[in-house]
Amino acid sequence: MSDDDCSLMDDLRVGVSQFEANVAALAQVLEGYATEVTEFQHLDDDIRRLETTSRLLCGSVEKATQIVVPGMLADIEAKNQQLDQLCLASRNCEATVKAQREKISQLETELKAVREHISSQAVGQFESVSWIGSIMGAMLWKSCKQHESVKALIGTDSLRDFLGMANCVLSSFLARQGAGGAALSSDSEDYKFLATICGCLTNLAAFPEGRTHLAIETDGLLFANNLLLALDLFRMPEGRLLKRMSLTFVFNICLENNGAKFVLGDEARLGSIVRCLDQNNSQDVLTLSVSLLVRLIKSVPEYRTRAEIALQIPRVMVKQITSTSNQELKETASHLLELVEFDWIKAAINNGK
C-alpha cells in the first residue's frame, strides 16, 4: 500500500470518528430539546453540520472504494501468485529429494554388494595365502631342526624378514580372535600357518646360537611379547599346541639373561605366564609354565627382586599343582613352591637386600 493510500485511510478513519461524534452530539441535543420547542433553530444547525460531515464521509468512503481497495486487491492477488509459485517449487523440490533418496538407497545397495564381494575375495585370498604359508612353514620348520641350518640363518636378512613376517601374521591372527572373529580351530589354515611359524622360531631358539640372537633382536623380543600377551586367547583344548609352543619359545629365550630381563620388564608379560598355572590347562602347559617361572626367579641375582617376583605367584595354585600324579610336573612345582614360600622372601623385603 502506497503512502497516499495510507493517508487516505487515515482521513477515512478521522471522518468516521467525527461522524460518530456528531451523531452522539445530535442525540444529546434531541434529549435536551424534547421539552423546549423554542430552540429548534439550534437543532437545525446541528443537523446541517451532521449532513456536511456525512457527505465528507461518503466521499472518503467512495474514494477508498475506488482507489485503495483495488490496490489492496491487486497486492493480494500478486501475493497469491507468489504463494502458488512457491508451492509449485516446493513440490518440485520434494520430488527431487525423493529421487535423490532413491538414488542414494540404490548406491548403498550396490556398495554393500561390492563390499561383500571384496570381503569374500579377501577371505579367499587370505585362506590361500595361509595354506601356502603353512606348507612352506612346515618345510622351514623341519629345516630348523638341523643345527647347521640354524647357524646358516643367524644374522641374515632372510631371518630378519622372517621375523617381521612372523609378527605380522601373529598380529593379524590375534586381531581376528580379539575382535570376536571365528572360534579358534586347529583345522583352520591360519591356525596352521601360525603354528608353523611358532614351530620354526621355537626350534631356532632351541639352539644356543638361535636364542642368543633372538634375545637381542628387536623383532625376536617383540614376537615373544606378542606370544605372551596372546596366551589368554589360546583357549584349551584347541589352543593347546599354540600355548605350548609359545611357552617353549619364551622359555628358550629366557635361558639368555637378556631375554629373562625383557620378560620381567613388564608385569603384563609375567601375569600371562602366571595365569597359565590354571588347572584347566594340560599337564605339558603347566610344566612349561612352572619351569619358566622357576627360570625367571633364578635369573635375578638380587634377593629383593626375586622376592617381588615370587609374591606375584599365587601359592595356592602352586600347591594344587604339587598334588598331581605327573612326577616331572610335581617335582618342578615343588621347587617353585620352595622358592615362593622361602623365609628369605620376607627377610629380603624387610632388609631391602
# chains A, B, ... in the order shown; residues from 1 in each chain; ligands from 1
>>> select_by_dssp(residues="stretch 83-296 of chain A", states="alpha helix (DSSP H)", output="PyMOL selection string")
chain A and resi 83-143+147-153+157-178+189-206+208-214+218-230+240-254+257-264+267-275+283-296
>>> residues_around(residues="stretch 231-243 of chain A", least_positions_apart="2", cutoff="12 Å", atoms="only C-alpha atoms", output="count of residues only")
60
